[in-house]
$ cat work_34.txt   # compact mmCIF, C-alpha atoms
# COMPACT_ATOMS: atom_id res chain seq x y z
CA MET C 20 123.09 78.34 70.81
CA ILE C 21 119.86 79.21 72.60
CA ASN C 22 117.05 81.64 71.95
CA VAL C 23 116.38 84.09 74.75
CA LYS C 24 114.58 87.37 75.08
CA VAL C 25 116.88 90.12 76.36
CA ASN C 26 115.25 93.44 77.24
CA GLY C 27 112.35 92.56 75.01
CA VAL C 28 114.53 91.60 72.03
CA LEU C 29 114.66 87.99 70.79
CA MET C 30 118.27 86.88 70.49
CA ASN C 31 120.23 83.84 69.56
CA VAL C 32 123.18 83.63 71.94
CA SER C 33 126.02 81.21 72.63
CA ALA C 34 126.25 82.17 76.31
CA SER C 35 125.09 79.66 78.87
CA THR C 36 125.46 81.78 82.02
CA ILE C 37 124.57 85.36 82.94
CA ALA C 38 128.26 86.27 83.12
CA GLU C 39 128.82 84.91 79.60
CA LEU C 40 125.75 86.70 78.28
CA LEU C 41 126.91 90.04 79.67
CA SER C 42 130.33 89.52 78.18
CA GLU C 43 128.79 88.56 74.81
CA LEU C 44 126.74 91.78 74.92
CA GLN C 45 129.78 93.77 76.12
CA ILE C 46 128.01 94.92 79.28
CA ASP C 47 129.95 95.72 82.46
CA PRO C 48 128.46 93.41 85.13
CA ASP C 49 129.26 95.90 87.90
CA ARG C 50 126.86 98.47 86.50
CA VAL C 51 123.76 96.37 85.94
CA VAL C 52 121.07 94.38 87.68
CA VAL C 53 119.76 91.25 86.01
CA GLU C 54 116.38 89.62 86.26
CA VAL C 55 115.57 86.24 84.73
CA ASN C 56 111.91 85.31 84.35
CA LEU C 57 110.98 88.03 86.86
CA GLU C 58 113.50 86.86 89.46
CA ILE C 59 116.48 88.99 90.41
CA VAL C 60 119.82 87.23 90.05
CA LYS C 61 122.39 88.27 92.65
CA LYS C 62 125.69 89.51 91.23
CA GLU C 63 127.57 86.76 93.07
CA ARG C 64 125.65 84.20 91.05
CA PHE C 65 126.28 85.63 87.58
CA ASN C 66 129.00 83.03 86.93
CA GLU C 67 126.98 80.00 87.94
CA PHE C 68 123.46 81.06 86.92
CA THR C 69 122.59 79.17 83.74
CA ILE C 70 120.25 80.57 81.17
CA LYS C 71 118.13 78.33 79.05
CA ASP C 72 116.16 78.43 75.85
CA GLY C 73 113.08 80.63 76.13
CA ASP C 74 114.26 82.63 79.17
CA SER C 75 113.14 86.20 79.45
CA ILE C 76 116.03 88.30 80.71
CA GLU C 77 116.03 91.92 81.77
CA ILE C 78 119.27 93.88 82.15
CA VAL C 79 118.74 97.26 83.78
CA ASN C 80 120.80 100.17 85.03
CA PHE C 81 120.33 103.67 86.38
CA VAL C 82 119.51 106.48 83.99
CA GLY C 83 118.70 110.15 84.52
CA GLY C 84 115.38 110.63 86.26
CA GLY C 85 113.53 112.86 88.67
CA MET P 23 123.89 126.57 113.95
CA ASP P 24 123.62 122.83 113.60
CA ASP P 25 120.68 122.35 111.30
CA LYS P 26 121.35 119.07 109.55
CA LEU P 27 118.55 117.04 108.08
CA ILE P 28 118.74 113.50 109.41
CA ILE P 29 116.45 110.75 108.16
CA ARG P 30 116.78 107.21 109.51
CA GLY P 31 120.27 108.02 110.70
CA ILE P 32 121.39 109.34 107.31
CA GLU P 33 122.79 112.89 107.42
CA PHE P 34 121.96 115.24 104.57
CA ASN P 35 124.06 118.34 104.02
CA SER P 36 121.73 120.00 101.56
CA ARG P 37 117.99 120.49 101.79
CA LEU P 38 117.84 120.82 98.04
CA TRP P 39 117.61 117.41 96.40
CA VAL P 40 117.93 117.15 92.64
CA GLY P 41 116.89 114.89 89.82
CA THR P 42 119.07 113.81 86.91
CA GLY P 43 116.44 113.64 84.14
CA LYS P 44 115.98 115.78 81.04
CA TYR P 45 119.56 117.09 80.80
CA LYS P 46 121.22 117.54 77.42
CA SER P 47 124.31 115.59 78.44
CA PHE P 48 125.97 113.90 81.39
CA GLU P 49 128.43 116.82 81.48
CA GLU P 50 125.57 119.27 81.96
CA THR P 51 124.05 116.98 84.61
CA THR P 52 127.22 116.92 86.68
CA LEU P 53 127.83 120.67 86.38
CA ALA P 54 124.27 121.47 87.47
CA ILE P 55 124.34 119.01 90.38
CA GLU P 56 127.61 120.46 91.56
CA ALA P 57 126.26 124.02 91.36
CA SER P 58 123.13 122.99 93.29
CA GLY P 59 125.19 121.77 96.23
CA ALA P 60 122.83 118.81 96.53
CA ASP P 61 124.02 115.56 98.04
CA VAL P 62 120.97 113.56 97.06
CA VAL P 63 120.33 112.76 93.42
CA THR P 64 117.41 110.81 92.06
CA VAL P 65 117.79 108.30 89.25
CA ALA P 66 115.46 106.03 87.30
CA VAL P 67 115.76 102.31 86.56
CA ARG P 68 115.62 101.44 82.88
CA ARG P 69 116.70 98.76 80.43
CA VAL P 70 120.33 98.86 79.29
CA ASN P 71 120.54 99.70 75.60
CA ILE P 72 121.73 96.35 74.25
CA ILE P 73 121.78 97.47 70.62
CA ASP P 74 123.87 100.64 71.01
CA ARG P 75 126.61 99.87 73.52
CA SER P 76 128.27 103.25 73.04
CA LYS P 77 125.90 104.78 75.58
CA GLU P 78 127.71 105.80 78.72
CA ASN P 79 126.57 105.00 82.23
CA LEU P 80 125.16 107.67 84.53
CA LEU P 81 127.16 106.30 87.46
CA ASP P 82 130.37 107.03 85.55
CA TYR P 83 129.45 110.68 86.06
CA ILE P 84 127.72 110.62 89.42
CA ASP P 85 129.90 108.95 91.99
CA PRO P 86 127.76 106.98 94.49
CA ARG P 87 130.48 107.54 97.09
CA LYS P 88 130.02 111.29 96.76
CA TYR P 89 126.24 111.46 96.29
CA LYS P 90 123.38 109.63 97.93
CA ILE P 91 121.56 107.86 95.14
CA LEU P 92 117.78 107.90 95.43
CA PRO P 93 116.30 105.57 92.81
CA ASN P 94 112.72 106.21 91.80
CA THR P 95 109.91 104.04 90.49
CA ALA P 96 108.82 106.65 87.95
CA GLY P 97 106.63 105.31 85.20
CA CYS P 98 105.05 102.62 87.40
CA TYR P 99 101.26 102.50 87.43
CA THR P 100 100.69 99.44 89.60
CA VAL P 101 101.89 98.26 93.00
CA GLU P 102 103.53 95.19 91.41
CA GLU P 103 105.48 97.30 88.92
CA ALA P 104 106.64 99.70 91.61
CA LEU P 105 107.80 96.83 93.83
CA ARG P 106 109.66 95.27 90.91
CA TYR P 107 111.50 98.50 90.09
CA ALA P 108 112.30 99.22 93.74
CA ARG P 109 113.77 95.76 94.24
CA LEU P 110 115.84 95.99 91.06
CA ALA P 111 117.11 99.39 92.20
CA ARG P 112 118.16 98.09 95.60
CA GLU P 113 119.98 95.18 93.99
CA ALA P 114 122.34 97.68 92.37
CA GLY P 115 123.81 97.93 95.84
CA VAL P 116 124.15 101.67 96.21
CA SER P 117 121.08 102.53 98.26
CA ASP P 118 118.24 101.18 100.36
CA MET P 119 116.32 104.37 99.69
CA VAL P 120 113.55 104.52 97.16
CA LYS P 121 111.49 107.42 95.90
CA LEU P 122 108.28 105.52 95.53
CA GLU P 123 105.97 106.56 92.74
CA VAL P 124 102.77 104.77 91.88
CA ILE P 125 101.26 106.92 89.19
CA GLY P 126 97.53 107.14 88.71
CA ASP P 127 97.18 108.99 85.43
CA ASP P 128 99.57 109.89 82.62
CA LYS P 129 98.20 113.37 82.00
CA THR P 130 98.58 114.71 85.53
CA LEU P 131 101.08 112.14 86.85
CA PHE P 132 99.21 112.43 90.12
CA PRO P 133 99.86 109.53 92.47
CA ASP P 134 97.49 106.61 92.91
CA VAL P 135 97.37 106.89 96.69
CA CYS P 136 95.73 103.49 97.27
CA GLY P 137 98.55 101.78 95.40
CA LEU P 138 101.11 104.04 97.02
CA LEU P 139 99.97 103.05 100.52
CA LYS P 140 100.13 99.35 99.70
CA ALA P 141 103.56 99.59 98.10
CA THR P 142 104.90 101.72 100.98
CA GLU P 143 103.79 99.14 103.51
CA ILE P 144 105.36 96.23 101.64
CA LEU P 145 108.67 97.96 100.91
CA ALA P 146 109.01 99.35 104.44
CA LYS P 147 108.61 95.79 105.75
CA GLU P 148 111.35 94.68 103.36
CA GLY P 149 113.70 97.21 104.94
CA PHE P 150 113.54 99.90 102.30
CA ILE P 151 113.82 103.55 103.31
CA VAL P 152 110.66 104.66 101.56
CA PHE P 153 110.10 108.19 100.29
CA PRO P 154 106.61 108.16 98.80
CA TYR P 155 105.70 110.78 96.22
CA THR P 156 102.20 111.76 97.27
CA ASN P 157 99.62 114.45 96.72
CA ASP P 158 99.20 117.36 99.12
CA ASP P 159 96.60 115.58 101.21
CA PRO P 160 97.32 115.51 104.97
CA ILE P 161 95.23 112.37 105.55
CA THR P 162 97.19 110.41 102.94
CA ALA P 163 100.41 111.73 104.48
CA LYS P 164 99.31 110.38 107.85
CA ARG P 165 98.42 106.99 106.36
CA LEU P 166 101.84 106.85 104.68
CA ALA P 167 103.51 107.59 108.00
CA ASP P 168 101.54 104.73 109.57
CA ALA P 169 102.56 102.47 106.66
CA GLY P 170 106.23 102.96 107.50
CA ALA P 171 107.38 105.77 105.20
CA ALA P 172 110.68 107.43 106.18
CA ALA P 173 109.40 110.82 105.01
CA VAL P 174 106.54 112.08 102.91
CA MET P 175 106.98 113.84 99.60
CA PRO P 176 103.90 115.87 98.79
CA LEU P 177 103.77 117.48 95.39
CA GLY P 178 103.73 121.25 95.11
CA ALA P 179 102.11 120.99 91.67
CA PRO P 180 102.15 118.39 88.85
CA ILE P 181 105.57 116.98 87.95
CA GLY P 182 107.39 119.25 85.50
CA SER P 183 104.64 121.89 85.57
CA GLY P 184 106.64 124.67 87.23
CA LEU P 185 103.46 125.97 88.86
CA GLY P 186 105.08 126.23 92.27
CA ILE P 187 103.39 125.38 95.55
CA ARG P 188 99.72 125.62 94.74
CA ASN P 189 98.41 124.77 98.17
CA PRO P 190 100.79 126.04 100.84
CA TYR P 191 98.06 125.66 103.48
CA ASN P 192 97.81 121.92 102.88
CA ILE P 193 101.59 121.61 103.05
CA LYS P 194 101.45 123.44 106.39
CA ILE P 195 98.76 121.06 107.66
CA ILE P 196 100.85 118.08 106.52
CA LEU P 197 103.78 119.51 108.49
CA GLU P 198 101.59 119.64 111.58
CA THR P 199 99.98 116.26 110.95
CA VAL P 200 102.90 113.92 110.44
CA ASN P 201 105.84 113.40 112.68
CA LEU P 202 108.12 112.76 109.70
CA PRO P 203 110.29 114.89 107.45
CA VAL P 204 108.24 116.57 104.71
CA ILE P 205 109.96 116.98 101.37
CA VAL P 206 108.20 118.93 98.65
CA ASP P 207 108.55 117.00 95.44
CA ALA P 208 107.47 118.26 92.05
CA GLY P 209 106.07 121.53 90.79
CA VAL P 210 108.94 123.88 91.56
CA GLY P 211 109.48 126.40 88.76
CA THR P 212 112.00 128.83 90.14
CA ALA P 213 113.92 130.00 93.19
CA SER P 214 111.00 131.63 95.03
CA ASP P 215 109.10 128.30 95.01
CA VAL P 216 111.99 126.65 96.83
CA ALA P 217 112.18 129.53 99.31
CA ILE P 218 108.44 129.27 99.98
CA ALA P 219 108.69 125.55 100.69
CA MET P 220 111.50 126.15 103.13
CA GLU P 221 109.72 129.12 104.76
CA LEU P 222 106.71 126.89 105.36
CA GLY P 223 109.03 124.66 107.36
CA CYS P 224 109.50 121.81 104.90
CA ASP P 225 112.56 119.68 105.53
CA ALA P 226 113.76 119.58 101.93
CA VAL P 227 112.73 120.20 98.35
CA LEU P 228 113.29 117.92 95.37
CA VAL P 229 113.73 119.59 92.00
CA ASN P 230 114.45 118.31 88.52
CA THR P 231 112.72 120.06 85.62
CA ALA P 232 113.13 123.59 87.02
CA ILE P 233 116.89 123.13 86.76
CA ALA P 234 117.24 120.84 83.75
CA GLY P 235 114.69 122.79 81.71
CA ALA P 236 116.07 126.26 82.47
CA LYS P 237 117.92 128.05 79.67
CA ASN P 238 120.97 128.00 81.91
CA PRO P 239 120.62 124.94 84.15
CA VAL P 240 123.88 125.52 86.03
CA MET P 241 122.92 129.07 86.95
CA MET P 242 119.42 127.98 87.99
CA ALA P 243 120.93 125.23 90.14
CA GLU P 244 122.98 127.86 91.95
CA ALA P 245 119.93 130.11 92.33
CA LEU P 246 117.98 127.27 93.96
CA LYS P 247 120.87 126.61 96.32
CA HIS P 248 120.69 130.20 97.55
CA ALA P 249 116.89 129.93 97.71
CA TRP P 250 116.80 126.94 100.04
CA ILE P 251 119.39 128.47 102.33
CA ALA P 252 117.52 131.81 102.39
CA GLY P 253 114.16 130.13 102.95
CA ARG P 254 115.47 127.89 105.70
CA LEU P 255 117.13 130.77 107.55
CA ALA P 256 113.96 132.81 107.24
CA TYR P 257 111.94 129.92 108.66
CA LYS P 258 114.35 129.39 111.56
CA SER P 259 114.54 133.09 112.36
CA GLY P 260 110.79 133.39 112.93
CA ARG P 261 109.05 135.77 110.58
CA ILE P 262 106.83 138.64 111.73
CA PRO P 263 103.09 138.03 111.71
CA LYS P 264 101.15 139.41 108.76
CA LYS P 265 98.78 142.26 109.57
CA LEU P 266 96.52 144.53 107.64
CA TYR P 267 97.72 147.99 108.68
CA ALA P 268 101.03 149.78 108.83
CA SER P 269 103.31 150.16 111.80
CA ALA P 270 105.95 152.84 111.39
CA SER P 271 109.58 151.77 111.33
CA SER P 272 110.87 155.22 112.31
CA PRO P 273 110.18 156.74 115.78
CA LEU P 274 107.51 159.38 116.23
CA GLU P 275 109.55 160.89 119.03
CA GLY P 276 111.72 163.77 117.92
CA MET P 277 109.52 164.81 115.03
CA LEU P 278 109.63 168.58 114.30
CA THR P 279 106.68 170.57 115.57
$ encode --input "work_34.txt" --output "structure tokens"
Amino acid sequence: MINVKVNGVLMNVSASTIAELLSELQIDPDRVVVEVNLEIVKKERFNEFTIKDGDSIEIVNFVGGG
Amino acid sequence: MDDKLIIRGIEFNSRLWVGTGKYKSFEETTLAIEASGADVVTVAVRRVNIIDRSKENLLDYIDPRKYKILPNTAGCYTVEEALRYARLAREAGVSDMVKLEVIGDDKTLFPDVCGLLKATEILAKEGFIVFPYTNDDPITAKRLADAGAAAVMPLGAPIGSGLGIRNPYNIKIILETVNLPVIVDAGVGTASDVAIAMELGCDAVLVNTAIAGAKNPVMMAEALKHAWIAGRLAYKSGRIPKKLYASASSPLEGMLT
């Protein structure tokens, strides 16, 4: 288990890749964009991109806006 | 009459563009968008709610194959923030367009034009199709054109204010100053505001609050659709000049003596 910050919330997760994290959080990977420590992670790399203790992760999507 | 708006090779069927904010539900959003006839919809980039996963996704309701998605950088106050949001938006893979906002003040939501110019230049170089939300200043519009904007989006009045087009003369000067599409963004309150923008010769109008905040958003969306079509036709047909005194519509010849 590692401690990461996801969307500003400190979490203890068992995931070790982005793909696993999204699955742990029940988030559809097709609908989101992920940034780790201010760097965008391409969708194609979700499976291989490892997250480590202390990472700051942002998971964003589109919402209503003008 | 072939009168399609084309920007950077992208064809737009409607000159009314709509936002997706402030609606009561996704159902209401889709009904209003449909009634508006718009093919461009703006969206914002925000954190996924990781605590409450029951929240549905906007793109489940607005099909990116049917609508052109125009992500915005609303809420960004610095160049760096705006760049970050724009890049995240593009990574979603539905659009290279961005409605660029660099806000200068939270009370007026007026743009910070210095930041806006910088961000426009950087994003245009990165291949974005940049639609900067700007004030109604012709000089700034010209600078934005030089910085690589695909169009300029001068405000009619503050965002969400419903005050209409407060300075139609500046909008007219912008139209004559820049060789780019001019899209009035922000300030529209009702149908006549949309018609005025189109009669001035603007290429499109972007509306959110006027529709979403109306008592009947779907009906207002339809009203604005008629307004842009009416205003555009009036502009294309060439209005009569304004003059101070009357000129009779009926002939003087044949009057009884």
$ closest_residue --input "work_34.txt" --among "P:Ala236, P:Val152, P:Cys224, P:Val174" --to "Tyr257 in chain P" --atoms "only C-alpha atoms"
P:Cys224
$ interface_residues --input "work_34.txt" --of "chain P" --to "chain C" --cutoff "6 Å" --atoms "all atoms listed in the file" --output "VMD selection string"
chain P and resid 41 to 43 64 to 70 80 114 230
$ residues_around --input "work_34.txt" --residues "Lys24 in chain C" --least-positions-apart "4" --cutoff "6 Å" --atoms "all atoms listed in the file" --output "ChimeraX atom specification"
/C:28-30,75-76
$ closest_residue --input "work_34.txt" --among "C:Ala34, C:Pro48, C:Val23, C:Ser42" --to "Arg64 in chain C" --atoms "all atoms listed in the file"
C:Pro48
$ residues_around --input "work_34.txt" --residues "Val63 in chain P" --least-positions-apart "4" --cutoff "8 Å" --atoms "only C-alpha atoms" --output "list in words"
Trp39, Val40, Gly41, Thr42, Tyr89, Lys90, Ile91 and Leu92 of chain P
$ build_atoms --input "work_34.txt" --residues "range 192-225 of chain P" --atoms "N, CA and C atoms" --output "mmCIF file, in the frame of the given file"
data_model
loop_
_atom_site.group_PDB
_atom_site.id
_atom_site.type_symbol
_atom_site.label_atom_id
_atom_site.label_comp_id
_atom_site.auth_asym_id
_atom_site.auth_seq_id
_atom_site.Cartn_x
_atom_site.Cartn_y
_atom_site.Cartn_z
ATOM 1 N N ASN P 192 97.794 123.372 102.695
ATOM 2 C CA ASN P 192 97.810 121.920 102.880
ATOM 3 C C ASN P 192 99.197 121.432 103.297
ATOM 4 N N ILE P 193 100.216 122.008 102.689
ATOM 5 C CA ILE P 193 101.590 121.610 103.050
ATOM 6 C C ILE P 193 101.816 121.928 104.533
ATOM 7 N N LYS P 194 101.332 123.057 104.980
ATOM 8 C CA LYS P 194 101.450 123.440 106.390
ATOM 9 C C LYS P 194 100.713 122.444 107.288
ATOM 10 N N ILE P 195 99.525 122.043 106.854
ATOM 11 C CA ILE P 195 98.760 121.060 107.660
ATOM 12 C C ILE P 195 99.495 119.723 107.695
ATOM 13 N N ILE P 196 100.076 119.338 106.552
ATOM 14 C CA ILE P 196 100.850 118.080 106.520
ATOM 15 C C ILE P 196 101.994 118.163 107.536
ATOM 16 N N LEU P 197 102.667 119.317 107.553
ATOM 17 C CA LEU P 197 103.780 119.510 108.490
ATOM 18 C C LEU P 197 103.326 119.341 109.944
ATOM 19 N N GLU P 198 102.099 119.759 110.200
ATOM 20 C CA GLU P 198 101.590 119.640 111.580
ATOM 21 C C GLU P 198 100.985 118.269 111.854
ATOM 22 N N THR P 199 100.655 117.544 110.790
ATOM 23 C CA THR P 199 99.980 116.260 110.950
ATOM 24 C C THR P 199 100.933 115.095 111.145
ATOM 25 N N VAL P 200 101.994 115.071 110.362
ATOM 26 C CA VAL P 200 102.900 113.920 110.440
ATOM 27 C C VAL P 200 104.162 114.254 111.212
ATOM 28 N N ASN P 201 104.630 113.242 111.902
ATOM 29 C CA ASN P 201 105.840 113.400 112.680
ATOM 30 C C ASN P 201 107.039 112.864 111.877
ATOM 31 N N LEU P 202 107.075 113.244 110.610
ATOM 32 C CA LEU P 202 108.120 112.760 109.700
ATOM 33 C C LEU P 202 108.632 113.955 108.904
ATOM 34 N N PRO P 203 109.835 113.827 108.349
ATOM 35 C CA PRO P 203 110.290 114.890 107.450
ATOM 36 C C PRO P 203 109.321 115.043 106.268
ATOM 37 N N VAL P 204 109.105 116.278 105.858
ATOM 38 C CA VAL P 204 108.240 116.570 104.710
ATOM 39 C C VAL P 204 109.108 117.192 103.622
ATOM 40 N N ILE P 205 109.119 116.542 102.471
ATOM 41 C CA ILE P 205 109.960 116.980 101.370
ATOM 42 C C ILE P 205 109.067 117.301 100.180
ATOM 43 N N VAL P 206 109.038 118.569 99.801
ATOM 44 C CA VAL P 206 108.200 118.930 98.650
ATOM 45 C C VAL P 206 108.851 118.368 97.392
ATOM 46 N N ASP P 207 108.062 117.640 96.648
ATOM 47 C CA ASP P 207 108.550 117.000 95.440
ATOM 48 C C ASP P 207 107.636 117.397 94.295
ATOM 49 N N ALA P 208 108.203 117.946 93.284
ATOM 50 C CA ALA P 208 107.470 118.260 92.050
ATOM 51 C C ALA P 208 106.763 119.606 92.086
ATOM 52 N N GLY P 209 106.812 120.288 90.959
ATOM 53 C CA GLY P 209 106.070 121.530 90.790
ATOM 54 C C GLY P 209 106.895 122.791 90.862
ATOM 55 N N VAL P 210 108.108 122.676 91.419
ATOM 56 C CA VAL P 210 108.940 123.880 91.560
ATOM 57 C C VAL P 210 109.276 124.444 90.167
ATOM 58 N N GLY P 211 109.155 125.775 90.034
ATOM 59 C CA GLY P 211 109.480 126.400 88.760
ATOM 60 C C GLY P 211 110.706 127.274 88.830
ATOM 61 N N THR P 212 110.877 127.889 90.010
ATOM 62 C CA THR P 212 112.000 128.830 90.140
ATOM 63 C C THR P 212 112.371 129.007 91.609
ATOM 64 N N ALA P 213 113.332 129.889 91.853
ATOM 65 C CA ALA P 213 113.920 130.000 93.190
ATOM 66 C C ALA P 213 112.897 130.316 94.280
ATOM 67 N N SER P 214 111.954 131.230 93.980
ATOM 68 C CA SER P 214 111.000 131.630 95.030
ATOM 69 C C SER P 214 110.163 130.444 95.506
ATOM 70 N N ASP P 215 109.880 129.485 94.610
ATOM 71 C CA ASP P 215 109.100 128.300 95.010
ATOM 72 C C ASP P 215 109.855 127.492 96.074
ATOM 73 N N VAL P 216 111.156 127.375 95.867
ATOM 74 C CA VAL P 216 111.990 126.650 96.830
ATOM 75 C C VAL P 216 111.998 127.393 98.160
ATOM 76 N N ALA P 217 112.155 128.718 98.087
ATOM 77 C CA ALA P 217 112.180 129.530 99.310
ATOM 78 C C ALA P 217 110.860 129.394 100.061
ATOM 79 N N ILE P 218 109.749 129.403 99.329
ATOM 80 C CA ILE P 218 108.440 129.270 99.980
ATOM 81 C C ILE P 218 108.323 127.931 100.707
ATOM 82 N N ALA P 219 108.746 126.872 100.047
ATOM 83 C CA ALA P 219 108.690 125.550 100.690
ATOM 84 C C ALA P 219 109.487 125.541 101.983
ATOM 85 N N MET P 220 110.651 126.132 101.944
ATOM 86 C CA MET P 220 111.500 126.150 103.130
ATOM 87 C C MET P 220 110.907 127.060 104.214
ATOM 88 N N GLU P 221 110.328 128.193 103.788
ATOM 89 C CA GLU P 221 109.720 129.120 104.760
ATOM 90 C C GLU P 221 108.516 128.484 105.445
ATOM 91 N N LEU P 222 107.833 127.592 104.736
ATOM 92 C CA LEU P 222 106.710 126.890 105.360
ATOM 93 C C LEU P 222 107.190 125.931 106.447
ATOM 94 N N GLY P 223 108.461 125.569 106.368
ATOM 95 C CA GLY P 223 109.030 124.660 107.360
ATOM 96 C C GLY P 223 109.293 123.270 106.818
ATOM 97 N N CYS P 224 109.198 123.104 105.498
ATOM 98 C CA CYS P 224 109.500 121.810 104.900
ATOM 99 C C CYS P 224 110.959 121.442 105.165
ATOM 100 N N ASP P 225 111.216 120.144 105.198
ATOM 101 C CA ASP P 225 112.560 119.680 105.530
ATOM 102 C C ASP P 225 113.501 119.696 104.339
#
